[in-house]
$ cat structure-v5.cif   # mmCIF, C-alpha atoms and all ligand atoms; chains and numbers go by the auth columns
data_structure
#
loop_
_atom_site.group_PDB
_atom_site.id
_atom_site.type_symbol
_atom_site.label_atom_id
_atom_site.label_comp_id
_atom_site.label_asym_id
_atom_site.label_seq_id
_atom_site.Cartn_x
_atom_site.Cartn_y
_atom_site.Cartn_z
_atom_site.B_iso_or_equiv
_atom_site.auth_seq_id
_atom_site.auth_asym_id
ATOM 1 C CA MET A 1 -50.900 126.352 -99.970 0.00 1 X
ATOM 2 C CA ASN A 2 -54.465 125.192 -100.360 0.00 2 X
ATOM 3 C CA GLU A 3 -55.249 128.071 -102.718 0.00 3 X
ATOM 4 C CA MET A 4 -52.016 127.741 -104.683 0.00 4 X
ATOM 5 C CA PRO A 5 -51.099 124.057 -104.410 0.00 5 X
ATOM 6 C CA TYR A 6 -47.967 122.645 -105.969 0.00 6 X
ATOM 7 C CA VAL A 7 -48.632 120.600 -109.087 0.00 7 X
ATOM 8 C CA ASP A 8 -45.882 118.087 -109.881 0.00 8 X
ATOM 9 C CA LYS A 9 -44.709 116.838 -113.260 0.00 9 X
ATOM 10 C CA GLN A 10 -47.254 114.033 -113.073 0.00 10 X
ATOM 11 C CA GLY A 11 -50.025 116.575 -112.624 0.00 11 X
ATOM 12 C CA ARG A 12 -50.573 115.512 -109.015 0.00 12 X
ATOM 13 C CA VAL A 13 -51.736 118.268 -106.697 0.00 13 X
ATOM 14 C CA HIS A 14 -49.922 118.730 -103.373 0.00 14 X
ATOM 15 C CA LYS A 15 -51.780 120.776 -100.774 0.00 15 X
ATOM 16 C CA TYR A 16 -51.102 121.773 -97.173 0.00 16 X
ATOM 17 C CA GLY A 17 -50.168 118.937 -94.810 0.00 17 X
ATOM 18 C CA GLU A 18 -49.101 116.471 -97.448 0.00 18 X
ATOM 19 C CA PHE A 19 -45.790 114.763 -98.018 0.00 19 X
ATOM 20 C CA PHE A 20 -43.208 116.644 -100.006 0.00 20 X
ATOM 21 C CA PRO A 21 -43.497 115.893 -103.733 0.00 21 X
ATOM 22 C CA ILE A 22 -41.221 112.943 -104.441 0.00 22 X
ATOM 23 C CA GLU A 23 -39.655 114.713 -107.416 0.00 23 X
ATOM 24 C CA PHE A 24 -37.804 116.985 -104.934 0.00 24 X
ATOM 25 C CA SER A 25 -35.990 114.009 -103.447 0.00 25 X
ATOM 26 C CA LEU A 26 -32.224 114.245 -103.696 0.00 26 X
ATOM 27 C CA PHE A 27 -32.020 110.484 -103.798 0.00 27 X
ATOM 28 C CA ALA A 28 -32.737 108.266 -106.764 0.00 28 X
ATOM 29 C CA TYR A 29 -35.242 105.471 -106.204 0.00 29 X
ATOM 30 C CA ASN A 30 -32.785 102.843 -107.364 0.00 30 X
ATOM 31 C CA GLU A 31 -30.120 104.115 -104.970 0.00 31 X
ATOM 32 C CA THR A 32 -32.168 103.768 -101.780 0.00 32 X
ATOM 33 C CA VAL A 33 -33.423 100.735 -99.871 0.00 33 X
ATOM 34 C CA ALA A 34 -36.901 101.459 -101.282 0.00 34 X
ATOM 35 C CA GLY A 35 -35.644 99.929 -104.506 0.00 35 X
ATOM 36 C CA ASP A 36 -34.352 96.884 -102.616 0.00 36 X
ATOM 37 C CA TYR A 37 -37.656 96.192 -100.890 0.00 37 X
ATOM 38 C CA PHE A 38 -39.957 97.219 -103.730 0.00 38 X
ATOM 39 C CA PRO A 39 -38.022 96.729 -106.971 0.00 39 X
ATOM 40 C CA LEU A 40 -39.240 98.774 -109.932 0.00 40 X
ATOM 41 C CA THR A 41 -37.922 99.134 -113.457 0.00 41 X
ATOM 42 C CA LYS A 42 -36.615 102.506 -114.544 0.00 42 X
ATOM 43 C CA GLU A 43 -39.784 103.084 -116.589 0.00 43 X
ATOM 44 C CA GLU A 44 -42.090 102.202 -113.689 0.00 44 X
ATOM 45 C CA ALA A 45 -40.189 104.416 -111.254 0.00 45 X
ATOM 46 C CA GLU A 46 -40.140 107.393 -113.607 0.00 46 X
ATOM 47 C CA LYS A 47 -43.821 106.972 -114.352 0.00 47 X
ATOM 48 C CA LEU A 48 -44.507 107.315 -110.627 0.00 48 X
ATOM 49 C CA GLY A 49 -42.364 110.440 -110.528 0.00 49 X
ATOM 50 C CA TYR A 50 -39.326 109.060 -108.728 0.00 50 X
ATOM 51 C CA VAL A 51 -35.828 110.207 -109.534 0.00 51 X
ATOM 52 C CA TRP A 52 -33.735 107.515 -111.224 0.00 52 X
ATOM 53 C CA ARG A 53 -29.986 107.529 -111.660 0.00 53 X
ATOM 54 C CA ASP A 54 -28.176 105.128 -113.958 0.00 54 X
ATOM 55 C CA ALA A 55 -24.912 103.934 -112.484 0.00 55 X
ATOM 56 C CA GLU A 56 -21.882 105.388 -114.209 0.00 56 X
ATOM 57 C CA PRO A 57 -20.090 102.704 -116.148 0.00 57 X
ATOM 58 C CA ARG A 58 -16.814 102.283 -114.301 0.00 58 X
ATOM 59 C CA GLU A 59 -14.383 100.069 -116.065 0.00 59 X
ATOM 60 C CA TYR A 60 -11.525 99.584 -113.670 0.00 60 X
ATOM 61 C CA GLN A 61 -8.650 97.471 -114.810 0.00 61 X
ATOM 62 C CA THR A 62 -8.437 94.573 -112.364 0.00 62 X
ATOM 63 C CA THR A 63 -5.058 93.224 -111.315 0.00 63 X
ATOM 64 C CA MET A 64 -6.131 89.905 -109.840 0.00 64 X
ATOM 65 C CA ASP A 65 -8.974 87.421 -109.803 0.00 65 X
ATOM 66 C CA ALA A 66 -10.849 86.786 -106.532 0.00 66 X
ATOM 67 C CA ASN A 67 -10.166 83.080 -107.045 0.00 67 X
ATOM 68 C CA ASP A 68 -6.464 83.749 -106.552 0.00 68 X
ATOM 69 C CA LEU A 69 -6.912 85.204 -103.060 0.00 69 X
ATOM 70 C CA PRO A 70 -5.489 82.922 -100.366 0.00 70 X
ATOM 71 C CA ASP A 71 -8.009 80.610 -98.714 0.00 71 X
ATOM 72 C CA ARG A 72 -6.714 81.376 -95.247 0.00 72 X
ATOM 73 C CA ILE A 73 -6.336 84.862 -93.799 0.00 73 X
ATOM 74 C CA GLY A 74 -3.105 83.633 -92.221 0.00 74 X
ATOM 75 C CA ASP A 75 -1.613 83.370 -95.731 0.00 75 X
ATOM 76 C CA ALA A 76 -2.691 86.893 -96.721 0.00 76 X
ATOM 77 C CA THR A 77 -0.164 89.718 -96.680 0.00 77 X
ATOM 78 C CA GLU A 78 -0.623 93.475 -97.016 0.00 78 X
ATOM 79 C CA VAL A 79 0.388 93.175 -100.669 0.00 79 X
ATOM 80 C CA VAL A 80 -3.285 92.438 -101.317 0.00 80 X
ATOM 81 C CA LEU A 81 -4.129 96.047 -100.390 0.00 81 X
ATOM 82 C CA LYS A 82 -2.547 97.169 -103.664 0.00 82 X
ATOM 83 C CA GLU A 83 -4.602 94.783 -105.772 0.00 83 X
ATOM 84 C CA VAL A 84 -7.739 95.670 -107.720 0.00 84 X
ATOM 85 C CA ILE A 85 -9.705 92.437 -107.354 0.00 85 X
ATOM 86 C CA ARG A 86 -12.243 91.042 -109.786 0.00 86 X
ATOM 87 C CA CYS A 87 -15.459 90.020 -107.971 0.00 87 X
ATOM 88 C CA LEU A 88 -16.389 86.359 -108.432 0.00 88 X
ATOM 89 C CA SER A 89 -20.049 87.221 -108.765 0.00 89 X
ATOM 90 C CA CYS A 90 -20.500 90.483 -110.696 0.00 90 X
ATOM 91 C CA LYS A 91 -16.962 90.540 -112.191 0.00 91 X
ATOM 92 C CA ARG A 92 -16.550 94.187 -111.165 0.00 92 X
ATOM 93 C CA ALA A 93 -13.565 95.607 -109.345 0.00 93 X
ATOM 94 C CA TYR A 94 -13.187 95.951 -105.590 0.00 94 X
ATOM 95 C CA ARG A 95 -10.403 96.470 -103.098 0.00 95 X
ATOM 96 C CA ILE A 96 -9.513 95.514 -99.561 0.00 96 X
ATOM 97 C CA ILE A 97 -8.637 98.460 -97.343 0.00 97 X
ATOM 98 C CA LEU A 98 -6.206 98.379 -94.413 0.00 98 X
ATOM 99 C CA SER A 99 -8.768 98.619 -91.598 0.00 99 X
ATOM 100 C CA GLU A 100 -10.789 95.810 -93.210 0.00 100 X
ATOM 101 C CA PHE A 101 -7.635 93.729 -93.620 0.00 101 X
ATOM 102 C CA ASN A 102 -6.699 94.244 -89.959 0.00 102 X
ATOM 103 C CA PHE A 103 -10.204 93.362 -88.810 0.00 103 X
ATOM 104 C CA LEU A 104 -10.273 90.151 -90.869 0.00 104 X
ATOM 105 C CA LYS A 105 -6.835 89.211 -89.513 0.00 105 X
ATOM 106 C CA ALA A 106 -7.875 89.844 -85.906 0.00 106 X
ATOM 107 C CA GLN A 107 -11.095 87.829 -86.316 0.00 107 X
ATOM 108 C CA SER A 108 -9.520 85.059 -88.452 0.00 108 X
ATOM 109 C CA ILE A 109 -11.987 85.630 -91.290 0.00 109 X
ATOM 110 C CA PRO A 110 -10.845 84.892 -94.869 0.00 110 X
ATOM 111 C CA LEU A 111 -10.632 87.698 -97.450 0.00 111 X
ATOM 112 C CA PRO A 112 -13.963 88.193 -99.257 0.00 112 X
ATOM 113 C CA ARG A 113 -14.144 86.912 -102.820 0.00 113 X
ATOM 114 C CA ILE A 114 -17.172 88.989 -103.743 0.00 114 X
ATOM 115 C CA CYS A 115 -17.407 92.784 -103.708 0.00 115 X
ATOM 116 C CA SER A 116 -19.128 94.799 -100.987 0.00 116 X
ATOM 117 C CA ASN A 117 -22.166 95.398 -103.190 0.00 117 X
ATOM 118 C CA CYS A 118 -22.641 91.673 -103.827 0.00 118 X
ATOM 119 C CA ARG A 119 -22.110 90.981 -100.118 0.00 119 X
ATOM 120 C CA TYR A 120 -24.808 93.521 -99.269 0.00 120 X
ATOM 121 C CA LEU A 121 -27.261 91.879 -101.701 0.00 121 X
ATOM 122 C CA ARG A 122 -26.458 88.471 -100.263 0.00 122 X
ATOM 123 C CA ARG A 123 -27.129 89.599 -96.691 0.00 123 X
ATOM 124 C CA PHE A 124 -30.279 91.313 -97.895 0.00 124 X
ATOM 125 C CA SER A 125 -31.579 88.068 -99.405 0.00 125 X
ATOM 126 C CA PHE A 126 -31.620 86.535 -95.887 0.00 126 X
ATOM 127 C CA ARG A 127 -33.867 89.295 -94.547 0.00 127 X
ATOM 128 C CA ASN A 128 -37.627 88.787 -94.427 0.00 128 X
ATOM 129 C CA LYS A 129 -39.545 91.233 -96.565 0.00 129 X
ATOM 130 C CA PRO A 130 -41.865 93.743 -94.853 0.00 130 X
ATOM 131 C CA LYS A 131 -44.902 91.647 -95.558 0.00 131 X
ATOM 132 C CA TYR A 132 -46.929 90.219 -92.698 0.00 132 X
ATOM 133 C CA TYR A 133 -49.089 87.136 -92.371 0.00 133 X
ATOM 134 C CA GLU A 134 -51.647 86.111 -89.789 0.00 134 X
ATOM 135 C CA ARG A 135 -50.657 82.671 -88.625 0.00 135 X
ATOM 136 C CA LYS A 136 -51.358 80.085 -85.964 0.00 136 X
ATOM 137 C CA CYS A 137 -48.726 78.644 -83.655 0.00 137 X
ATOM 138 C CA GLN A 138 -47.383 75.411 -85.165 0.00 138 X
ATOM 139 C CA CYS A 139 -46.860 73.763 -81.803 0.00 139 X
ATOM 140 C CA ALA A 140 -49.060 70.671 -81.869 0.00 140 X
ATOM 141 C CA GLY A 141 -48.461 69.353 -78.354 0.00 141 X
ATOM 142 C CA ASN A 142 -45.163 67.547 -77.970 0.00 142 X
ATOM 143 C CA PHE A 143 -44.134 68.059 -81.569 0.00 143 X
ATOM 144 C CA SER A 144 -44.402 70.758 -84.220 0.00 144 X
ATOM 145 C CA GLU A 145 -47.233 70.231 -86.719 0.00 145 X
ATOM 146 C CA ARG A 146 -45.296 68.172 -89.251 0.00 146 X
ATOM 147 C CA LYS A 147 -43.273 66.488 -86.510 0.00 147 X
ATOM 148 C CA THR A 148 -40.060 68.071 -87.751 0.00 148 X
ATOM 149 C CA TYR A 149 -39.333 69.392 -84.277 0.00 149 X
ATOM 150 C CA GLN A 150 -39.758 67.659 -80.949 0.00 150 X
ATOM 151 C CA ASN A 151 -40.337 69.868 -77.912 0.00 151 X
ATOM 152 C CA ARG A 152 -37.851 69.570 -75.082 0.00 152 X
ATOM 153 C CA THR A 153 -40.154 70.953 -72.388 0.00 153 X
ATOM 154 C CA ALA A 154 -43.827 70.701 -71.425 0.00 154 X
ATOM 155 C CA HIS A 155 -45.905 73.671 -72.644 0.00 155 X
ATOM 156 C CA PHE A 156 -48.889 75.452 -71.076 0.00 156 X
ATOM 157 C CA HIS A 157 -51.256 73.777 -73.581 0.00 157 X
ATOM 158 C CA ARG A 158 -50.010 70.295 -72.607 0.00 158 X
ATOM 159 C CA SER A 159 -50.630 67.699 -75.339 0.00 159 X
ATOM 160 C CA GLU A 160 -53.229 69.894 -77.117 0.00 160 X
ATOM 161 C CA HIS A 161 -52.430 72.000 -80.181 0.00 161 X
ATOM 162 C CA CYS A 162 -51.474 75.535 -79.138 0.00 162 X
ATOM 163 C CA SER A 163 -54.243 77.976 -80.106 0.00 163 X
ATOM 164 C CA ASN A 164 -52.205 81.193 -80.131 0.00 164 X
ATOM 165 C CA GLU A 165 -52.370 83.374 -83.241 0.00 165 X
ATOM 166 C CA PHE A 166 -50.033 86.147 -84.239 0.00 166 X
ATOM 167 C CA VAL A 167 -48.668 88.196 -87.101 0.00 167 X
ATOM 168 C CA THR A 168 -45.319 87.194 -88.600 0.00 168 X
ATOM 169 C CA SER A 169 -43.088 87.990 -91.562 0.00 169 X
ATOM 170 C CA TYR A 170 -42.648 84.257 -92.212 0.00 170 X
ATOM 171 C CA ALA A 171 -44.947 83.315 -95.108 0.00 171 X
ATOM 172 C CA PRO A 172 -47.128 80.207 -94.591 0.00 172 X
ATOM 173 C CA GLU A 173 -45.418 78.324 -97.442 0.00 173 X
ATOM 174 C CA ARG A 174 -41.990 78.694 -95.848 0.00 174 X
ATOM 175 C CA PRO A 175 -40.373 75.588 -94.355 0.00 175 X
ATOM 176 C CA GLU A 176 -39.499 77.076 -90.944 0.00 176 X
ATOM 177 C CA VAL A 177 -41.419 75.918 -87.867 0.00 177 X
ATOM 178 C CA ILE A 178 -43.116 78.994 -86.413 0.00 178 X
ATOM 179 C CA TYR A 179 -44.076 79.029 -82.734 0.00 179 X
ATOM 180 C CA CYS A 180 -45.840 81.707 -80.712 0.00 180 X
ATOM 181 C CA GLU A 181 -43.799 83.682 -78.199 0.00 181 X
ATOM 182 C CA VAL A 182 -44.707 81.476 -75.208 0.00 182 X
ATOM 183 C CA CYS A 183 -43.930 78.183 -76.974 0.00 183 X
ATOM 184 C CA TYR A 184 -40.763 79.613 -78.468 0.00 184 X
ATOM 185 C CA GLN A 185 -39.517 80.824 -75.110 0.00 185 X
ATOM 186 C CA ALA A 186 -40.350 77.498 -73.465 0.00 186 X
ATOM 187 C CA GLU A 187 -38.008 75.857 -75.984 0.00 187 X
ATOM 188 C CA ALA A 188 -35.321 78.528 -76.223 0.00 188 X
ATOM 189 C CA GLN A 189 -34.609 79.018 -72.520 0.00 189 X
HETATM 190 ZN ZN ZN B . -19.699 91.891 -107.026 0.00 201 X
HETATM 191 ZN ZN ZN B . -47.795 78.317 -79.144 0.00 202 X
HETATM 192 ZN ZN ZN B . -46.341 74.843 -77.462 0.00 203 X
#
$ encode --input "structure-v5.cif" --output "structure tokens" --more "lines below"
Ligand SMILES: [Zn+2]
Ligand SMILES: [Zn+2]
Ligand SMILES: [Zn+2]
Amino acid sequence: MNEMPYVDKQGRVHKYGEFFPIEFSLFAYNETVAGDYFPLTKEEAEKLGYVWRDAEPREYQTTMDANDLPDRIGDATEVVLKEVIRCLSCKRAYRIILSEFNFLKAQSIPLPRICSNCRYLRRFSFRNKPKYYERKCQCAGNFSERKTYQNRTAHFHRSEHCSNEFVTSYAPERPEVIYCEVCYQAEAQ
């Protein structure tokens, strides 16, 4: 392999012990979570040698608008399983399946008005990105630094500012109060 290395379409040489050339991947960049965490345009991805797959245009005829779904799950009947619903957000079609319907009924959760893809993106937006920051504990004695949080217990550092440092996925410009593990556990017990 070192004498006859694989040369990919980008002209990059792959020798023994290296990762498989990305052009052999069965998955398209834009169809994996890599594209969620590190978004690239089609041109950028293809330039780097990633596979890209354009979504097939699927034009389903919708039979009802998500706005017309009942507010309360108690008012929903299995008739909704036959509907092709128009997503409030992306306007594309989605359906409710029986097991989902039964689960929502059992848990008293209303029918979703956005499609599963939009729901996934919404949940994803709550997740911290895999980027890490070196930060100091914001516990400043009896209060957090900007006094937005008052401690309920006495901490090991007493009325002094806590000196603990750590690595966190919460960026410094974010509004959340970030405590070190010891201060957090003193408050969360
Ligand atoms: Zn949608
Ligand atoms: Zn601390
Ligand atoms: Zn503290």
$ atom_distance --input "structure-v5.cif" --atom1 "atom CA of X:Lys129" --atom2 "atom CA of X:Lys91"
27.5 Å
$ axis_aligned_box --input "structure-v5.cif" --around "stretch 154-157 of chain X" --padding-each-side "3 Å" --output "lines of an AutoDock Vina configuration file"
center_x = -47.5
center_y = 73.1
center_z = -72.3
size_x = 13.4
size_y = 10.8
size_z = 8.5
$ atom_distance --input "structure-v5.cif" --atom1 "atom CA of X:Val33" --atom2 "atom CA of X:Asn117"
12.9 Å
$ resolve_selection --input "structure-v5.cif" --expression "the PyMOL selection byres (((chain X and resi 160) around 12) and not hetatm)" --output "list in words"
Cys137, Gln138, Cys139, Ala140, Gly141, Asn142, Phe143, Ser144, Glu145, Ala154, His155, Phe156, His157, Arg158, Ser159, His161, Cys162, Ser163 and Asn164 of chain X
$ closest_residue --input "structure-v5.cif" --among "X:Gly74, X:Val84, X:Lys131, X:Cys90" --to "X:Pro110" --atoms "only C-alpha atoms"
X:Gly74
$ resolve_selection --input "structure-v5.cif" --expression "the PyMOL selection byres (((not hetatm)) within 7 of (chain X and resi 201))" --output "JSON, numbers by chain"
{"X": [87, 88, 89, 90, 91, 92, 114, 115, 116, 117, 118]}
$ residues_around --input "structure-v5.cif" --residues "stretch 51-62 of chain X" --least-positions-apart "4" --cutoff "9 Å" --atoms "only C-alpha atoms" --output "ChimeraX atom specification"
/X:22-31,42,45-46,83-86,92-94
$ closest_residue --input "structure-v5.cif" --among "X:Thr168, X:Thr153, X:Gln189, X:Asn67" --to "ligand ZN 203 (chain X)" --atoms "only C-alpha atoms and all ligand atoms"
X:Thr153
$ closest_residue --input "structure-v5.cif" --among "X:Thr63, X:Ser125, X:Asn102, X:Gln185" --to "ligand ZN 203 (chain X)" --atoms "only C-alpha atoms and all ligand atoms"
X:Gln185
$ closest_residue --input "structure-v5.cif" --among "X:Ile178, X:Leu69, X:Leu48, X:Ile97" --to "ligand ZN 203 (chain X)" --atoms "all atoms listed in the file"
X:Ile178
$ resolve_selection --input "structure-v5.cif" --expression "the PyMOL selection byres (((chain X and resi 105-109) around 9) and not hetatm)" --output "PDB file with C-alpha atoms, keeping the file's coordinate frame"
ATOM      1  CA  ARG X  72      -6.714  81.376 -95.247  1.00  0.00           C
ATOM      2  CA  ILE X  73      -6.336  84.862 -93.799  1.00  0.00           C
ATOM      3  CA  GLY X  74      -3.105  83.633 -92.221  1.00  0.00           C
ATOM      4  CA  ALA X  76      -2.691  86.893 -96.721  1.00  0.00           C
ATOM      5  CA  GLU X 100     -10.789  95.810 -93.210  1.00  0.00           C
ATOM      6  CA  PHE X 101      -7.635  93.729 -93.620  1.00  0.00           C
ATOM      7  CA  ASN X 102      -6.699  94.244 -89.959  1.00  0.00           C
ATOM      8  CA  PHE X 103     -10.204  93.362 -88.810  1.00  0.00           C
ATOM      9  CA  LEU X 104     -10.273  90.151 -90.869  1.00  0.00           C
ATOM     10  CA  PRO X 110     -10.845  84.892 -94.869  1.00  0.00           C
ATOM     11  CA  LEU X 111     -10.632  87.698 -97.450  1.00  0.00           C
ATOM     12  CA  PRO X 112     -13.963  88.193 -99.257  1.00  0.00           C
TER      13      PRO X 112
END
